[in-house]
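input-v8.cif, holding mmCIF, C-alpha atoms:
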data_model
loop_
_atom_site.label_atom_id
_atom_site.label_comp_id
_atom_site.auth_asym_id
_atom_site.auth_seq_id
_atom_site.Cartn_x
_atom_site.Cartn_y
_atom_site.Cartn_z
CA MET A 144 -41.88 24.20 19.34
CA GLU A 145 -39.03 24.28 16.88
CA LEU A 146 -36.67 24.78 19.75
CA ASP A 147 -38.11 21.73 21.40
CA LYS A 148 -37.48 19.68 18.29
CA ILE A 149 -33.94 20.95 17.96
CA GLU A 150 -33.18 20.08 21.55
CA ARG A 151 -34.51 16.59 21.03
CA LEU A 152 -32.45 16.21 17.88
CA LEU A 153 -29.38 17.42 19.72
CA GLU A 154 -29.87 14.80 22.34
CA LYS A 155 -30.11 12.13 19.66
CA TYR A 156 -27.14 13.66 17.89
CA PHE A 157 -24.86 13.16 20.86
CA GLU A 158 -26.00 9.57 21.21
CA ALA A 159 -25.19 9.08 17.51
CA ASP A 160 -28.80 8.18 16.84
CA THR A 161 -29.57 10.84 14.27
CA THR A 162 -29.84 10.15 10.57
CA VAL A 163 -27.83 12.10 8.03
CA ALA A 164 -30.97 14.05 7.15
CA GLU A 165 -31.57 15.02 10.77
CA GLU A 166 -27.98 16.11 11.08
CA LYS A 167 -28.40 18.30 8.03
CA LEU A 168 -31.41 19.83 9.72
CA LEU A 169 -29.32 20.68 12.77
CA GLN A 170 -26.60 22.01 10.54
CA ARG A 171 -29.05 24.31 8.85
CA TYR A 172 -30.60 25.43 12.10
CA PHE A 173 -27.28 26.39 13.63
CA SER A 174 -26.19 28.29 10.58
CA LYS A 175 -28.88 30.86 11.37
CA ASP A 176 -28.11 34.00 13.31
CA ASP A 177 -30.73 34.00 16.03
CA ILE A 178 -29.73 31.07 18.18
CA PRO A 179 -31.12 31.12 21.73
CA GLU A 180 -28.63 31.64 24.50
CA ASN A 181 -28.88 28.10 25.87
CA LEU A 182 -27.84 26.63 22.52
CA GLN A 183 -25.07 29.10 21.76
CA GLN A 184 -22.33 26.71 22.76
CA TYR A 185 -23.22 24.37 19.88
CA VAL A 186 -22.95 27.02 17.20
CA ALA A 187 -19.20 26.71 16.93
CA LEU A 188 -19.41 22.94 16.58
CA PHE A 189 -21.79 22.99 13.65
CA LYS A 190 -20.08 25.95 12.09
CA PHE A 191 -16.80 24.12 12.29
CA MET A 192 -18.25 21.06 10.54
CA ASP A 193 -19.85 23.27 7.95
CA ASN A 194 -16.61 25.12 7.27
CA ALA A 195 -14.66 21.89 7.15
CA LYS A 196 -16.71 20.82 4.13
CA GLU A 197 -15.30 23.76 2.20
CA GLU A 198 -11.73 22.66 2.33
CA ARG A 199 -10.37 21.76 -1.10
CA PHE A 200 -7.44 19.79 -2.35
CA SER A 201 -5.55 22.35 -4.38
CA LYS A 202 -2.37 20.56 -5.31
CA GLU A 203 -1.90 19.66 -8.94
CA VAL A 204 -1.30 15.96 -9.29
CA VAL A 205 0.78 15.04 -12.27
CA LEU A 206 -0.09 11.63 -13.59
CA GLU A 207 2.52 10.30 -15.92
CA PRO A 208 0.62 7.78 -17.94
CA GLU A 209 2.43 6.54 -21.04
CA THR A 210 6.04 7.30 -20.20
CA ARG A 211 5.87 5.91 -16.70
CA GLY A 212 3.79 2.91 -17.65
CA ALA A 213 5.82 2.19 -20.78
CA GLY A 214 9.08 2.63 -18.92
CA ASN A 215 7.89 0.26 -16.28
CA SER A 216 6.73 -2.40 -18.68
CA LEU A 217 9.80 -2.02 -20.88
CA TYR A 218 11.96 -2.59 -17.86
CA LYS A 219 9.83 -5.56 -16.90
CA TRP A 220 10.07 -7.13 -20.35
CA MET A 221 13.78 -6.49 -20.51
CA SER A 222 14.33 -8.33 -17.27
CA ILE A 223 12.15 -11.20 -18.40
CA ALA A 224 14.10 -11.40 -21.66
CA ALA A 225 17.38 -11.32 -19.76
CA ALA A 226 16.23 -14.13 -17.49
CA VAL A 227 15.12 -16.22 -20.44
CA MET A 228 18.42 -15.64 -22.22
CA LEU A 229 20.33 -16.60 -19.13
CA MET A 230 18.38 -19.82 -18.71
CA PHE A 231 18.76 -20.62 -22.39
CA GLY A 232 22.47 -19.95 -22.12
CA VAL A 233 22.80 -22.25 -19.12
CA TYR A 234 20.84 -24.91 -20.95
CA LEU A 235 23.04 -24.68 -24.03
CA GLY A 236 26.16 -24.62 -21.90
CA LYS A 237 25.03 -27.72 -20.07
CA ASN A 238 24.31 -29.47 -23.36
CA TYR A 239 27.73 -28.60 -24.68
CA TYR A 240 29.36 -29.77 -21.48
CA ASP A 241 27.42 -33.03 -21.58
CA GLU A 242 28.46 -33.61 -25.18
CA LYS A 243 32.08 -33.09 -24.28
CA GLU A 244 31.79 -35.40 -21.35
CA LEU A 245 30.23 -38.09 -23.49
CA GLU A 246 32.91 -37.70 -26.13
CA GLN A 247 35.58 -38.08 -23.50
CA GLN A 248 33.95 -41.17 -22.13
CA GLN A 249 33.70 -42.66 -25.58
CA ALA A 250 37.35 -41.86 -26.23
CA LEU A 251 38.38 -43.47 -22.97
CA TYR A 252 36.34 -46.56 -23.82
CA ALA A 253 37.87 -46.78 -27.25
CA TYR A 254 41.33 -46.42 -25.75
CA ASN A 255 40.66 -49.14 -23.21
CA GLU A 256 39.28 -51.48 -25.84
CA THR A 257 42.24 -50.86 -28.09
CA LYS A 258 44.59 -51.46 -25.22
CA LYS A 259 42.84 -54.70 -24.38
CA ALA A 260 43.09 -55.84 -28.00
CA LEU A 261 46.77 -55.01 -28.14
CA ASP A 262 47.34 -56.75 -24.82
CA MET A 263 45.66 -59.87 -26.16
CA LEU A 264 47.78 -59.67 -29.27
CA SER A 265 51.01 -59.37 -27.36
CA HIS A 266 49.98 -62.18 -25.02
CA ASN A 267 49.29 -64.52 -27.90
CA MET A 268 52.46 -63.46 -29.56
CA GLU A 269 54.38 -64.40 -26.43
CA ARG A 270 52.78 -67.79 -26.41
CA GLY A 271 53.83 -68.17 -30.05
CA THR A 272 57.42 -67.32 -29.28
CA GLU A 273 57.42 -69.83 -26.39
CA LYS A 274 56.48 -72.54 -28.79
CA ILE A 275 59.19 -71.42 -31.14
CA GLY A 276 61.54 -72.02 -28.18
CA TYR A 277 60.83 -75.72 -28.51
CA LEU A 278 61.85 -75.57 -32.14
CA ASN A 279 65.14 -74.17 -31.00
CA GLU A 280 65.53 -77.15 -28.67
CA PHE A 281 65.12 -79.37 -31.67
CA VAL A 282 67.87 -77.55 -33.50
CA VAL A 283 70.16 -77.85 -30.45
CA ALA A 284 69.46 -81.58 -30.12
CA LYS A 285 70.12 -82.06 -33.79
CA GLU A 286 73.45 -80.24 -33.49
CA LYS A 287 74.39 -82.51 -30.59
CA ILE A 288 73.63 -85.59 -32.58
CA TYR A 289 75.57 -84.33 -35.57
CA ASN A 290 78.52 -83.24 -33.44
CA LYS A 291 78.75 -86.71 -31.83
CA LYS A 292 79.26 -88.25 -35.15
CA MET B 200 -7.82 3.39 -18.36
CA GLN B 201 -7.04 6.82 -19.71
CA GLN B 202 -5.96 9.74 -17.60
CA ALA B 203 -9.22 11.56 -18.21
CA ASP B 204 -11.30 8.57 -17.10
CA PHE B 205 -9.23 8.24 -13.98
CA LEU B 206 -9.68 11.88 -13.11
CA LYS B 207 -13.40 11.52 -13.66
CA ILE B 208 -13.54 8.70 -11.13
CA VAL B 209 -11.28 10.37 -8.61
CA GLY B 210 -12.57 13.91 -9.01
CA PRO B 211 -15.69 13.68 -6.88
CA PHE B 212 -13.90 12.40 -3.82
CA GLN B 213 -10.35 13.68 -3.91
CA ASP B 214 -11.30 16.58 -1.67
CA LYS B 215 -12.68 14.09 0.82
CA LEU B 216 -9.41 12.19 0.81
CA PHE B 217 -7.58 15.43 1.40
CA ARG B 218 -9.86 16.46 4.25
CA LEU B 219 -9.49 13.12 5.98
CA ALA B 220 -5.72 13.32 5.57
CA LYS B 221 -5.71 16.83 6.95
CA ARG B 222 -7.85 15.82 9.90
CA LEU B 223 -5.25 13.23 10.80
CA LEU B 224 -2.02 14.93 9.81
CA VAL B 225 -3.16 18.48 10.69
CA SER B 226 -0.65 20.21 8.47
CA ARG B 227 -2.04 21.27 5.12
CA GLU B 228 1.19 20.53 3.30
CA GLU B 229 1.48 17.05 4.70
CA ALA B 230 -2.13 16.34 3.89
CA GLU B 231 -1.57 17.51 0.34
CA ASP B 232 1.47 15.30 -0.02
CA ALA B 233 -0.42 12.36 1.39
CA THR B 234 -3.36 12.92 -0.95
CA GLN B 235 -1.05 13.19 -3.91
CA GLU B 236 0.67 9.98 -2.93
CA ILE B 237 -2.63 8.16 -2.62
CA LEU B 238 -3.85 9.41 -5.97
CA LEU B 239 -0.61 8.27 -7.56
CA LYS B 240 -0.95 4.88 -5.92
CA LEU B 241 -4.48 4.60 -7.22
CA TRP B 242 -3.32 5.62 -10.66
CA ALA B 243 -0.55 3.04 -10.55
CA LYS B 244 -3.12 0.31 -10.02
CA ASN B 245 -5.65 1.81 -12.40
CA LYS B 246 -6.01 -1.51 -14.19
CA SER B 247 -7.34 -3.26 -11.14
CA ILE B 248 -9.28 -0.28 -9.86
CA GLU B 249 -12.49 -1.35 -11.57
CA GLN B 250 -12.73 -4.55 -9.62
CA TYR B 251 -13.37 -2.64 -6.41
CA LYS B 252 -17.01 -2.18 -5.54
CA SER B 253 -16.42 1.36 -4.49
CA VAL B 254 -13.23 3.09 -5.49
CA GLU B 255 -14.14 5.89 -3.13
CA ALA B 256 -14.34 3.62 -0.09
CA PHE B 257 -11.16 1.88 -1.14
CA ALA B 258 -9.38 5.21 -1.50
CA MET B 259 -10.64 6.32 1.90
CA THR B 260 -9.30 3.17 3.51
CA MET B 261 -5.98 3.75 1.76
CA THR B 262 -5.89 7.30 3.06
CA LYS B 263 -6.64 6.15 6.58
CA ASN B 264 -3.90 3.53 6.54
CA PHE B 265 -1.40 5.83 4.88
CA CYS B 266 -1.93 8.64 7.37
CA LEU B 267 -1.89 6.35 10.39
CA ASP B 268 1.40 4.91 9.15
CA ARG B 269 2.75 8.40 8.73
CA LEU B 270 1.74 9.31 12.25
CA LYS B 271 3.24 6.13 13.62
CA SER B 272 6.58 6.62 11.95
CA LYS B 273 6.60 10.22 13.03
CA GLN B 274 6.00 9.22 16.61
CA ALA B 275 8.68 6.59 16.34
CA GLY B 276 11.07 9.19 15.01
CA ASN B 277 10.10 11.52 17.83
CA LEU B 278 9.02 14.12 15.32
CA LYS B 279 5.50 14.59 16.55
CA LEU B 280 3.84 17.63 15.17
CA VAL B 281 3.29 20.28 17.76
CA HIS B 282 -0.25 21.20 17.01
CA THR B 283 -0.51 24.27 19.14
CA ASN B 284 2.15 26.26 17.40
CA TYR B 285 1.33 25.06 13.97
CA GLU B 286 0.38 28.14 11.99
CA GLU B 287 -1.91 27.80 9.04
CA LYS B 288 -0.66 29.87 6.13
CA GLY B 289 -3.62 29.03 3.97
CA SER B 290 -5.79 30.90 1.59
CA LEU B 291 -8.23 33.72 2.15
CA LEU B 292 -10.86 31.08 2.65
CA GLN B 293 -8.77 29.59 5.40
CA LYS B 294 -8.71 32.88 7.21
CA LYS B 295 -12.43 33.19 6.85
CA ILE B 296 -12.87 29.70 8.20
CA GLU B 297 -10.80 30.35 11.24
CA ALA B 298 -11.88 33.90 11.83
CA ASN B 299 -14.24 32.79 14.48
CA ASP B 300 -12.39 32.13 17.67
CA SER B 301 -14.67 29.44 19.02
CA VAL B 302 -14.57 27.61 15.71
CA LYS B 303 -10.83 27.56 16.12
CA TRP B 304 -11.41 26.14 19.54
CA VAL B 305 -13.40 23.26 18.08
CA GLN B 306 -10.46 22.60 15.79
CA LYS B 307 -8.20 22.33 18.79
CA ILE B 308 -10.58 20.02 20.59
CA MET B 309 -10.75 17.81 17.52
CA GLU B 310 -6.97 17.61 17.38
CA ASP B 311 -6.89 16.13 20.85
CA LEU B 312 -9.32 13.33 20.03
CA PRO B 313 -7.99 9.83 19.45
CA GLU B 314 -7.36 9.08 15.76
CA GLN B 315 -10.31 6.78 15.39
CA GLN B 316 -12.74 9.30 16.80
CA LYS B 317 -11.29 12.01 14.60
CA MET B 318 -11.89 9.90 11.54
CA VAL B 319 -15.40 8.90 12.51
CA LEU B 320 -16.35 12.47 13.25
CA GLN B 321 -14.82 13.66 10.02
CA LEU B 322 -16.51 11.03 7.88
CA ARG B 323 -19.89 11.52 9.50
CA ASP B 324 -20.24 15.19 10.35
CA VAL B 325 -18.23 16.60 7.49
CA GLU B 326 -18.58 14.04 4.72
CA GLU B 327 -22.01 12.75 5.75
CA TYR B 328 -21.40 9.09 5.05
CA ASP B 329 -23.75 6.57 6.62
CA TYR B 330 -22.61 4.18 9.31
CA ASP B 331 -22.14 1.21 7.03
CA GLU B 332 -19.97 3.18 4.66
CA ILE B 333 -17.84 4.48 7.51
CA ALA B 334 -17.56 1.00 8.99
CA ASN B 335 -16.40 -0.27 5.62
CA MET B 336 -13.88 2.54 5.13
CA LEU B 337 -12.40 2.32 8.58
CA GLU B 338 -12.58 -1.47 8.76
CA MET B 339 -14.69 -1.33 11.90
CA LYS B 340 -18.04 -2.73 12.95
CA PRO B 341 -20.99 -0.35 12.46
CA THR B 342 -21.81 -0.50 16.15
CA ALA B 343 -18.24 0.46 17.00
CA VAL B 344 -18.56 3.40 14.62
CA ARG B 345 -21.64 4.61 16.51
CA VAL B 346 -19.96 4.26 19.85
CA ALA B 347 -16.86 6.13 18.68
CA LEU B 348 -18.99 8.82 17.09
CA SER B 349 -21.11 9.37 20.16
CA ARG B 350 -18.04 9.48 22.32
CA ALA B 351 -16.32 11.98 20.03
CA ARG B 352 -19.34 14.25 19.81
CA LYS B 353 -19.79 14.21 23.56
CA THR B 354 -16.15 14.98 24.20
CA VAL B 355 -16.32 17.95 21.87
CA ARG B 356 -19.56 19.08 23.47
CA ASP B 357 -18.25 18.83 27.01
CA LYS B 358 -15.12 20.74 26.23
CA LEU B 359 -17.11 23.37 24.38
CA ILE B 360 -19.50 23.81 27.29
CA LYS B 361 -16.58 24.14 29.65
CA LYS B 362 -15.02 26.75 27.43
CA HIS B 363 -18.34 28.47 26.95
CA SER B 364 -19.02 28.82 30.65
CA TYR B 365 -15.48 30.09 31.21
CA GLY B 366 -16.10 32.61 28.48
CA ILE B 367 -19.20 33.83 30.23
CA GLY B 368 -17.84 33.72 33.73
#

Would you mind writing the file's structure down as structure tokens?
Amino acid sequence: MELDKIERLLEKYFEADTTVAEEKLLQRYFSKDDIPENLQQYVALFKFMDNAKEERFSKEVVLEPETRGAGNSLYKWMSIAAAVMLMFGVYLGKNYYDEKELEQQQALYAYNETKKALDMLSHNMERGTEKIGYLNEFVVAKEKIYNKK
Amino acid sequence: MQQADFLKIVGPFQDKLFRLAKRLLVSREEAEDATQEILLKLWAKNKSIEQYKSVEAFAMTMTKNFCLDRLKSKQAGNLKLVHTNYEEKGSLLQKKIEANDSVKWVQKIMEDLPEQQKMVLQLRDVEEYDYDEIANMLEMKPTAVRVALSRARKTVRDKLIKKHSYGIG
């Protein structure tokens, strides 16, 4: 009767219809020594699965907590700081450049204004001298009159 | 998270990670390297580890993906492991495990299964996870897990029966 049950379980097992508990039952059954001849071929299968559970991970894993973590974060912060400094530097540089530019523009404007003022001055001066030319004419005419006498 | 806490979380299932890796990669050394790598990866993200519902399932999925990648790159590099002449130089336990010739035969049959069936068989018959857990770990549908499992078990059975009747005859 037990054999009957085992055979039924085996059938379910190969259809993947067994529960974990039923599979444990099979496992236990096949770990016994007196397995009937017609089930012998399954012994190796269950023994293999049973043995496979025994395998252990034996390698020592070295976790480097503080040093690795700290190193990582230090590096991270350093790069962030460097990036910030760079951006700040660019910003300052741009400001400085803008200031210079503005100064130059102002200087150019002042120069142009001054030039304009001087131009106006010289223009007016010229007009003044023109008028003085007429005065000269008067002197010449006067000379003529005097010389005729 | 402190180192000790991490080890407490990882401790109960690191052997399972290793066994899954070994099922896929076959070589003990490679499986150990893979397991180590996965543990280190987990450790590296130990801050976010708590947000996962099940670290174990997450680690299993990582192991699966890692090993499949390994296998893929190995195949691409034409460096496929030759299973048949791979000699296990393991512990005393290892010798005990493989003492039985037909158990060794099962091992060989398992090695010839497709990766997915290997994993399903490993997670069910060795690690005794239920279907939903396996589906979650392998990113499959539970029904697909059942189908793959049934197929894998039957393949192993058929080859064993063949071998068995040869042995008798």

Near chain A, which residues of chain B fall within 8 Å when you count all atoms listed in the file, and what do they look like as number ranges by chain?
B: 201-202, 213-214, 217-218, 231, 235, 238-239, 242, 296, 301-303, 305-306, 324-329, 345-346, 348-350, 352-353, 355-356, 359-360, 363

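Pairwise distance (atom CA of Asp232 of chain B, atom CA of Ile308 of chain B) equals 24.3 Å.
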
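Atom pair atom CA of Glu255 of chain B / atom CA of Ala230 of chain B has a distance of 17.4 Å (rounded to one decimal).
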
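What the PyMOL selection byres ((chain B and resi 223) around 10) picks from this file is Phe217, Arg218, Leu219, Ala220, Lys221, Arg222, Leu224, Val225, Ser226, Glu229, Ala230, Thr262, Lys263, Cys266, Leu267, Arg269, Leu270, Met309, Glu310, Pro313, Glu314, Gln315, Lys317, Met318 and Gln321 of chain B.
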
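Straight-line separation from atom CA of Leu241 of chain B to atom CA of Val344 of chain B: 26.0 Å.
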
Would you translate the PyMOL selection byres ((chain B and resi 335) around 12) into the concrete set of residues it matches in this file, as a PyMOL selection string?
chain B and resi 252-253+255-261+263+319+322+328-334+336-344

Might you pull out every residue within 8 Å of Ala351 of chain B, with only C-alpha atoms counted and same-chain residues fewer than 6 positions away left off, and present them as a VMD selection string?
chain B and resid 312 316 to 317 320

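With all atoms listed in the file as the atoms that count, the minimum distance from Leu216 of chain B to the choices B:Val254, B:Lys358, B:Ala243, B:Trp304 is reached by B:Val254.
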